Amino acid sequence: MKIPTRIAFSFLFCFIILSKSNFLAKAQNTTISVNVGVILDFDTWTGKMGLSCINMALADFYASNSYYKTRLFLSSRDSKSDVVEAAAAALDLIKNVEVQAIIGPESSMQAKFVINLGEKAQVPIIAFSATSPSLTSLQSPYFFQATQNSSSQVKAISAIVQAFGWREVVPIYTDNEYGQGMIPFLIDALQEVDARVPYRSVIPPLASDDQIGQELYKLMTMQTRVFIVHMPSDVGSRLFTKAKEIGMMSEGYVWIMTSGMTNSIRSIESSVHDSMQGVLGVKTYVPKTIELENFTLRWKTKFHQANPNILDVELNVRGLWAYDAASALARAVEKAGTTNFDFENTTGSSNLTDLATMGVSLNGPKLHQALLDTRFTGLAGEFNLQNGQLQSSTFQIINVNGNGERGVAFWTPENGLVRELNSTNTSTYSTSRRNLGPVIWPGDSSSVPKGWEIPTNGKKLRVGVPVKDGFFEFVKVEHDASTNTTNVKGYSIDIFKAVMKALPYNVDYEFIPFAKPNGESAGTYNDMVYQVYLGNFDALASDTTIIANRTNYIDFTLPYTESGVTMVVPIKDNERNNAWVFLKPLTWDLWITSGIFFVFIGFVVWVLEHRINEDFRGPPSHEIGTSLWYSFSTMVFAQKETLLSNLARFVVSIWVFVVLILTQSYTASLTSLLTVQQLQPTVTDVNQLIKNGEYVGYQEGSYVLGILEEMNFDPTKLRTYKSVEECDELLSKGSANGGIAAAFDDIPCMKVLLLQYCSKYTMVQSIYKTDGLGFVFPKGSPLVSDVSRAVLNVTEGEKMKEIEKAWFGDQSNCPSSNNQVSSCSLSLDSFWGLFLIAGIASLSALIISFSMFLYKERRQIWINFESKNSIWKRICHALRIFDNKDLSSHTFRNKPLKDSGDIDNVQGIGTRDASPNTCCPTSPISCSVLTEPEFTFSEDSRTPSREYFIPNPHGQTFLSAEDNEQVGHPNPFQEGCPRTQEIALENC
């Protein structure tokens with residue numbers, strides 16, 4: 001049983017093997033061939049390498065995907081490096097072979113025509129080496145750029161330029177679709193980093209070595225030393241060879257290659273490689289993988305077998321793009337399906353051309369969409385045709401050194417320049433030089449070239465200087481007829497010489513006067529600046545003001561002195577000759593306030609002293625005069641009246657302190673007015689000049705004219721001057737006498753005027769702000785940054801002081817114009833605190849005194865008043881009591897009574913005040929006066945409602961009304977007395 005069983009299994013195994021072989025054979029026989037065209041230049045390295053990689057890609061793809069139903073069948077055509085041949089080959093493949101897609105062509109010029117044919121026939125065109133960004137502008141949906149667009153590297157190039165601080169760059173490119181397509185994008189990227197393109201060097205694609213040399217010699221005569229080379233490898237190799245020959249690969253030069261040439265650098269001959277030492281290059285970055293290494297080894301072996309005469313072959317990224325493009329097409333064809341590989345022929349008349357009768361692929365739209373959806377990891381990295389463009393934008397910066405290349409950095413759109421990829425410190429975009437490795441520059445130099453040089457043709461820097469009729473302190477041009485030489489000197493010239501000497505390199509220059517053949521000035525400063533823009537001058541060394549509209553044509557260095565338009569007017573000194581100068585120290589409000597307080601303090605003192613002090617009693621005119629006299633006498637502290645009230649003494653003490661401060665301040669201010677020279681400007685406001693129609697002046701040829709016109713000055717009221725002396729003459733005459741009322745000019749020029757005439761004029765107002773005086777260079781000149789740094793070194797050092805002293809002398813000999821204008825008068829704002837203290841003290845004393853009076857005399861004021869009496873009568877009654885002496889005061893109580901000295905003589909008063917109907921005594925008597933108001937008497941009594949006590953010399957202290965009658969004195973309080981009488985008792 002075992003032997004038959006084994007035999008049966010053996011037969012079964014053989015049957016399975018045979019069945020599988022038949023199945024595979026059957027499957028092999030059922031695959032569908034899809035025609036695909038290939039258009040390449042078979043004589044170029046890219047064409048040979050690309051075709052080899054395409055064949056290997058299809059072989060590798062179908063070996064790993066044998067179950068695919070479709071197989072690409074290649075139909076190759078040689079374009080012979082000709083645009084017409086490429087177009088003819090594409091037409092043949094589409095019309096006669098009916099290809100479903102075309103890989104190629106190789107160059108951007110050929111692709112431009114082939115793309116149009118592919119769009120008309122709906123046949124996808126897949127280019128792996130046509131990198132021009134202008135191809136995408138055709139907006140053909142059937143064009144797929146399976147390579148890096150050359151415009152994607154412009155940001156990397158501008159990052160290098162920015163990292164080293166170069167300000168001028170000259171691109172060198174071929175005059176064809178490949179060269180011109182990237183230049184607009186490159187210039188835009190350079191402008192974003194403030195780099196200027198002063199010149200574009202265009203090389204014909206078929207240029208001879210002599211033509212290339214002629215263009216390079218032209219570049220040597222320019223200042224720029226940074227060149228960006230964008231051309232195919234064959235033309236670029238001849239360019240570097242010629243540059244090495246004429247000496248342009250020496251120290252100081254900078255050469256940067258674009259990826260078109262850098263990607264093929266390993267295929268360049270060694271002799272050309274030696275001419276490229278120190279060159280920087282932007283190279284497409286390809287990640288290193290095991291698959292790439294294995295493929296490179298297999299490709300070299302297979303390529304050498306097919307081309308035994310070609311040695312030292314190097315695979316570059318274009319071959320990898322060709323490999324990935326073929327693999328992507330094979331995937332897309334399988335995904336698009338196995339039907340509708342036919343062409344729909346168009347009908348037309350028999351006289352139509354072959355191009356017009358070209359058919360349309362029915363499978364084209366499906367294949368187009370399948371290519372857009374194809375994504376995989378190829379040999380060159382991630383393959384993703386987004387919008388028909390390969391998405392790959394990482395570049396490596398290399399430095400050609402020795403026999404090979406050396407990587408110095410990477411560039412990515414997210415992080416800019418980085419030393420290593422996948423670094424942890426890449427959170428921000430950077431263009432720092434620190435992120436670059438060491439670079440060996442042309443001439444085997446390790447120092448970074450500054451990017452520009454003085455032209456090597458022996459030409460000196462042409463520095464323009466103005467020819468002026470005045471203000472020679474800044475620039476003065478003298479011509480020596482005997483030697484026919486021109487001598488230029490001045491403040492601005494000395495600074496320019498010092499600045500150029502401070503540069504880290506030598507710059508030869510010569511001064512060229514901006515003058516006519518007869519020696520006169522050739523125009524204004526604006527005209528001279530425009531000559532720099534036209535290229536007639538390389539720089540300007542003058543007192544040129546930095547203003548905005550000039551920067552549209554030229555560049556300024558940093559200012560070497562301050563500037564700005566100011567107004568200078570004559571000054572007058574008439575304070576000491578003024579008869580009313582004594583009123584000047586105080587303002588009117590302070591004068592009025594002081595006068596009011598003098599009167600107020602006099603009134604306060606009278607109120608506090610009137611009842612107890614004989615000096616403040618008497619007729620009203622006497623009392624008013626005494627009060628005012630006492631108050632005003634405190635100014636000189638000559639008051640002779642003695643104060644008896646403590647409250648009055650307190651008020652006067654405060655007031656004396658206030659008066660002391662006022663008088664001292666007044667004395668100091670008046671002394672300054674009478675002893676210090678007070679120089680006042682005749683005009684302080686520009687609008688006042690315009691309103692009054694005054695004549696004003698400005699320096700001839702200055703930009704100040706435009707400013708005055710903008711300020712609405714009447715053009716007929718403007719007069720020019722050329723020199724300091726002429727300006728002085730116009731200002732001295734005045735506007736009414738053929739002169740000017742004010743002069744307008746830059747601050748430095750006006751300082752020159754004031755240094756000579758500081759006692760006659762002053763600067764009163766700055767009407768326009770500028771950035772100062774600076775040196776002028778052409779727009780984008782690389783000298784600007786270096787000269788600006790040198791300006792800072794000179795202006796901050798001792799050299800600047802020496803130059804200023806040499807041309808302007810000792811400026812301390814003339815007082816500053818700011819000190820010539822007198823200070824303001826003393827105002828109330830400075831003393832209101834003192835007045836507040838004096839006012840509060842006085843009011844407080846009045847309140848206290850009045851309260852004491854009311855409390856002391858309350859019985860006399862309020863007792864025996866009937867409600868029918870008005871408030872006004874009560875007030876008058878209180879005032880009458882207040883007007884009397886306070887006999888209880890120690891000043892009267894301690895004073896001995898005398899017949900004629902201590903007791904008021906009331907004869908005149910009694911006679912004056914008594915009426916015919918009065919019951920008061922009319923005889924002349926002398927006694928103490930006591931004034932009483934009118935009383936109301938009760939109905940049941942004829943006597944007063946209270947006792948009235950009067951001092952009596954007979955020993956009685958007080959007398960009642962009745963006692964008074966018994967001793968022979970009439971009762972002053974009888975009914976019918978119209979008013980109070982003063983009663984005096986003499987020898988009673």
# chains A, B, ... in the order shown; residues from 1 in each chain; ligands from 1

call {"tool": "select_by_dssp", "arguments": {"residues": "stretch 674-838 of chain A", "states": "strand (DSSP E or B)", "output": "ChimeraX atom specification"}}
result
/A:680-681,696-699,718-721,742-746,761-768,773-778,826

call {"tool": "closest_residue", "arguments": {"among": "A:Trp591, A:Trp452, A:Trp441, A:Tyr768", "to": "A:Ser563", "atoms": "only C-alpha atoms"}}
result
A:Tyr768

call {"tool": "closest_atom_pairs", "arguments": {"of": "stretch 456-575 of chain A", "to": "stretch 709-732 of chain A", "cutoff": "12 Å", "atoms": "only C-alpha atoms", "output": "tab-separated table"}}
result
residue	atom	partner	partner_atom	distance
A:Val467	CA	A:Lys722	CA	11.4
A:Lys468	CA	A:Lys722	CA	7.8
A:Asp469	CA	A:Lys722	CA	5.7
A:Gly470	CA	A:Ser723	CA	3.8
A:Phe471	CA	A:Ser723	CA	5.5
A:Phe472	CA	A:Ser723	CA	8.3
A:Glu473	CA	A:Val724	CA	10.3
A:Phe474	CA	A:Ser723	CA	11.8
A:Ser521	CA	A:Lys722	CA	11.8
A:Met567	CA	A:Leu731	CA	11.9
A:Val568	CA	A:Leu731	CA	9.1
A:Val569	CA	A:Leu731	CA	7.4
A:Pro570	CA	A:Leu731	CA	6.8
A:Ile571	CA	A:Leu731	CA	10.4
A:Lys572	CA	A:Ser732	CA	11.9

call {"tool": "write_last_selection", "arguments": {"atoms": "N, CA, C and O atoms", "output": "mmCIF file, in the first residue's frame"}}
result
data_model
loop_
_atom_site.group_PDB
_atom_site.id
_atom_site.type_symbol
_atom_site.label_atom_id
_atom_site.label_comp_id
_atom_site.auth_asym_id
_atom_site.auth_seq_id
_atom_site.Cartn_x
_atom_site.Cartn_y
_atom_site.Cartn_z
ATOM 1 N N VAL A 467 29.957 123.373 -6.532
ATOM 2 C CA VAL A 467 30.642 124.657 -6.662
ATOM 3 C C VAL A 467 29.710 125.713 -6.080
ATOM 4 O O VAL A 467 28.600 125.924 -6.568
ATOM 5 N N LYS A 468 30.156 126.413 -5.009
ATOM 6 C CA LYS A 468 29.294 127.326 -4.264
ATOM 7 C C LYS A 468 29.889 128.726 -4.253
ATOM 8 O O LYS A 468 31.108 128.909 -4.399
ATOM 9 N N ASP A 469 29.002 129.702 -4.064
ATOM 10 C CA ASP A 469 29.428 131.088 -3.937
ATOM 11 C C ASP A 469 29.516 131.534 -2.484
ATOM 12 O O ASP A 469 29.866 132.679 -2.203
ATOM 13 N N GLY A 470 29.184 130.678 -1.592
ATOM 14 C CA GLY A 470 29.221 131.011 -0.175
ATOM 15 C C GLY A 470 29.184 129.760 0.663
ATOM 16 O O GLY A 470 29.158 128.626 0.150
ATOM 17 N N PHE A 471 29.206 129.973 1.985
ATOM 18 C CA PHE A 471 29.237 128.856 2.933
ATOM 19 C C PHE A 471 30.410 127.909 2.597
ATOM 20 O O PHE A 471 30.253 126.701 2.495
ATOM 21 N N PHE A 472 31.568 128.515 2.415
ATOM 22 C CA PHE A 472 32.758 127.741 2.048
ATOM 23 C C PHE A 472 33.258 126.863 3.184
ATOM 24 O O PHE A 472 34.172 126.069 2.993
ATOM 25 N N GLU A 473 32.693 127.034 4.374
ATOM 26 C CA GLU A 473 33.118 126.182 5.483
ATOM 27 C C GLU A 473 32.824 124.711 5.200
ATOM 28 O O GLU A 473 33.495 123.834 5.726
ATOM 29 N N PHE A 474 31.806 124.437 4.381
ATOM 30 C CA PHE A 474 31.443 123.049 4.084
ATOM 31 C C PHE A 474 32.233 122.512 2.885
ATOM 32 O O PHE A 474 32.865 121.472 2.978
ATOM 33 N N SER A 521 28.576 127.117 -11.131
ATOM 34 C CA SER A 521 27.822 125.947 -10.702
ATOM 35 C C SER A 521 26.913 125.461 -11.827
ATOM 36 O O SER A 521 26.282 126.256 -12.524
ATOM 37 N N MET A 567 14.644 128.639 11.335
ATOM 38 C CA MET A 567 14.414 130.045 11.007
ATOM 39 C C MET A 567 15.312 130.911 11.866
ATOM 40 O O MET A 567 15.365 130.741 13.090
ATOM 41 N N VAL A 568 16.020 131.825 11.239
ATOM 42 C CA VAL A 568 16.904 132.778 11.928
ATOM 43 C C VAL A 568 16.366 134.184 11.720
ATOM 44 O O VAL A 568 16.034 134.566 10.587
ATOM 45 N N VAL A 569 16.235 134.921 12.810
ATOM 46 C CA VAL A 569 15.693 136.286 12.755
ATOM 47 C C VAL A 569 16.603 137.206 13.557
ATOM 48 O O VAL A 569 17.375 136.751 14.419
ATOM 49 N N PRO A 570 16.537 138.511 13.298
ATOM 50 C CA PRO A 570 17.306 139.466 14.118
ATOM 51 C C PRO A 570 16.782 139.495 15.545
ATOM 52 O O PRO A 570 15.638 139.129 15.828
ATOM 53 N N ILE A 571 17.635 139.966 16.443
ATOM 54 C CA ILE A 571 17.243 140.080 17.849
ATOM 55 C C ILE A 571 17.297 141.545 18.257
ATOM 56 O O ILE A 571 17.997 142.366 17.662
ATOM 57 N N LYS A 572 16.514 141.876 19.275
ATOM 58 C CA LYS A 572 16.443 143.256 19.764
ATOM 59 C C LYS A 572 16.702 143.271 21.263
ATOM 60 O O LYS A 572 16.384 142.334 21.982
#

call {"tool": "closest_atom_pairs", "arguments": {"of": "stretch 244-321 of chain A", "to": "stretch 407-421 of chain A", "cutoff": "12 Å", "atoms": "only C-alpha atoms", "output": "CSV"}}
result
residue,atom,partner,partner_atom,distance
A:Thr262,CA,A:Gly407,CA,12.0
A:Val279,CA,A:Gly407,CA,11.9
A:Leu280,CA,A:Val408,CA,9.3
A:Gly281,CA,A:Gly407,CA,9.4
A:Val282,CA,A:Trp411,CA,9.1
A:Lys283,CA,A:Phe410,CA,9.4
A:Thr284,CA,A:Phe410,CA,9.9
A:Tyr285,CA,A:Phe410,CA,8.4
A:Val286,CA,A:Phe410,CA,11.6
A:Pro287,CA,A:Leu421,CA,10.7

call {"tool": "write_last_selection", "arguments": {"atoms": "N, CA and C atoms", "output": "PDB file, in the first residue's frame"}}
result
ATOM      1  N   THR A 262      24.825  71.824 -10.565  1.00  0.00           N
ATOM      2  CA  THR A 262      25.351  71.179  -9.365  1.00  0.00           C
ATOM      3  C   THR A 262      24.953  69.704  -9.311  1.00  0.00           C
ATOM      4  N   VAL A 279      33.739  77.104  -5.445  1.00  0.00           N
ATOM      5  CA  VAL A 279      32.388  77.466  -5.886  1.00  0.00           C
ATOM      6  C   VAL A 279      31.359  76.848  -4.942  1.00  0.00           C
ATOM      7  N   LEU A 280      30.306  77.639  -4.655  1.00  0.00           N
ATOM      8  CA  LEU A 280      29.165  77.119  -3.912  1.00  0.00           C
ATOM      9  C   LEU A 280      28.109  76.623  -4.887  1.00  0.00           C
ATOM     10  N   GLY A 281      27.373  75.595  -4.467  1.00  0.00           N
ATOM     11  CA  GLY A 281      26.338  75.047  -5.328  1.00  0.00           C
ATOM     12  C   GLY A 281      25.104  74.656  -4.542  1.00  0.00           C
ATOM     13  N   VAL A 282      23.952  74.784  -5.199  1.00  0.00           N
ATOM     14  CA  VAL A 282      22.675  74.352  -4.627  1.00  0.00           C
ATOM     15  C   VAL A 282      22.315  73.039  -5.310  1.00  0.00           C
ATOM     16  N   LYS A 283      22.209  71.993  -4.533  1.00  0.00           N
ATOM     17  CA  LYS A 283      22.025  70.642  -5.070  1.00  0.00           C
ATOM     18  C   LYS A 283      20.753  70.023  -4.496  1.00  0.00           C
ATOM     19  N   THR A 284      20.025  69.311  -5.350  1.00  0.00           N
ATOM     20  CA  THR A 284      18.823  68.619  -4.885  1.00  0.00           C
ATOM     21  C   THR A 284      19.217  67.533  -3.897  1.00  0.00           C
ATOM     22  N   TYR A 285      18.570  67.543  -2.770  1.00  0.00           N
ATOM     23  CA  TYR A 285      18.897  66.556  -1.741  1.00  0.00           C
ATOM     24  C   TYR A 285      18.126  65.267  -1.980  1.00  0.00           C
ATOM     25  N   VAL A 286      18.881  64.149  -2.009  1.00  0.00           N
ATOM     26  CA  VAL A 286      18.299  62.813  -2.172  1.00  0.00           C
ATOM     27  C   VAL A 286      18.657  61.999  -0.941  1.00  0.00           C
ATOM     28  N   PRO A 287      17.664  61.520  -0.205  1.00  0.00           N
ATOM     29  CA  PRO A 287      17.978  60.712   0.989  1.00  0.00           C
ATOM     30  C   PRO A 287      18.721  59.437   0.605  1.00  0.00           C
TER      31      PRO A 287
END

call {"tool": "residues_around", "arguments": {"residues": "A:Ala207", "least_positions_apart": "3", "cutoff": "12 Å", "atoms": "only C-alpha atoms", "output": "PyMOL selection string"}}
result
chain A and resi 173-175+202-204+210-215+234-236+238-239

call {"tool": "residues_around", "arguments": {"residues": "A:Asp312", "least_positions_apart": "6", "cutoff": "12 Å", "atoms": "only C-alpha atoms", "output": "list in words"}}
result
Arg266, Ser267, Ile268, Glu269, Ser270, Lys300, Thr301, Phe303 and His304 of chain A

call {"tool": "residues_around", "arguments": {"residues": "A:Trp321", "least_positions_apart": "5", "cutoff": "8 Å", "atoms": "only C-alpha atoms", "output": "list in words"}}
result
Phe128, Ser129, Ala146, Thr147, Leu379 and Ala380 of chain A

call {"tool": "atom_distance", "arguments": {"atom1": "atom CA of A:Val791", "atom2": "atom CA of A:Leu754"}}
result
26.2 Å

call {"tool": "closest_residue", "arguments": {"among": "A:Ile881, A:Met56, A:Leu461, A:Val499", "to": "A:Phe537", "atoms": "only C-alpha atoms"}}
result
A:Leu461

call {"tool": "select_by_dssp", "arguments": {"residues": "stretch 475-710 of chain A", "states": "alpha helix (DSSP H)", "output": "ChimeraX atom specification"}}
result
/A:491-502,525-534,588-609,620-633,646-675,686-692,704-710

call {"tool": "atom_distance", "arguments": {"atom1": "atom CA of A:Ala370", "atom2": "atom CA of A:Phe341"}}
result
14.6 Å

call {"tool": "atom_distance", "arguments": {"atom1": "atom CA of A:Gly523", "atom2": "atom CA of A:Ser785"}}
result
28.4 Å

call {"tool": "residues_around", "arguments": {"residues": "A:Ser52", "least_positions_apart": "4", "cutoff": "9 Å", "atoms": "only C-alpha atoms", "output": "list of chain:residue names"}}
result
A:Gly47, A:Lys48, A:Met56, A:Ala57, A:Trp299, A:Lys302, A:Phe303, A:Gly319, A:Ala322, A:Tyr323
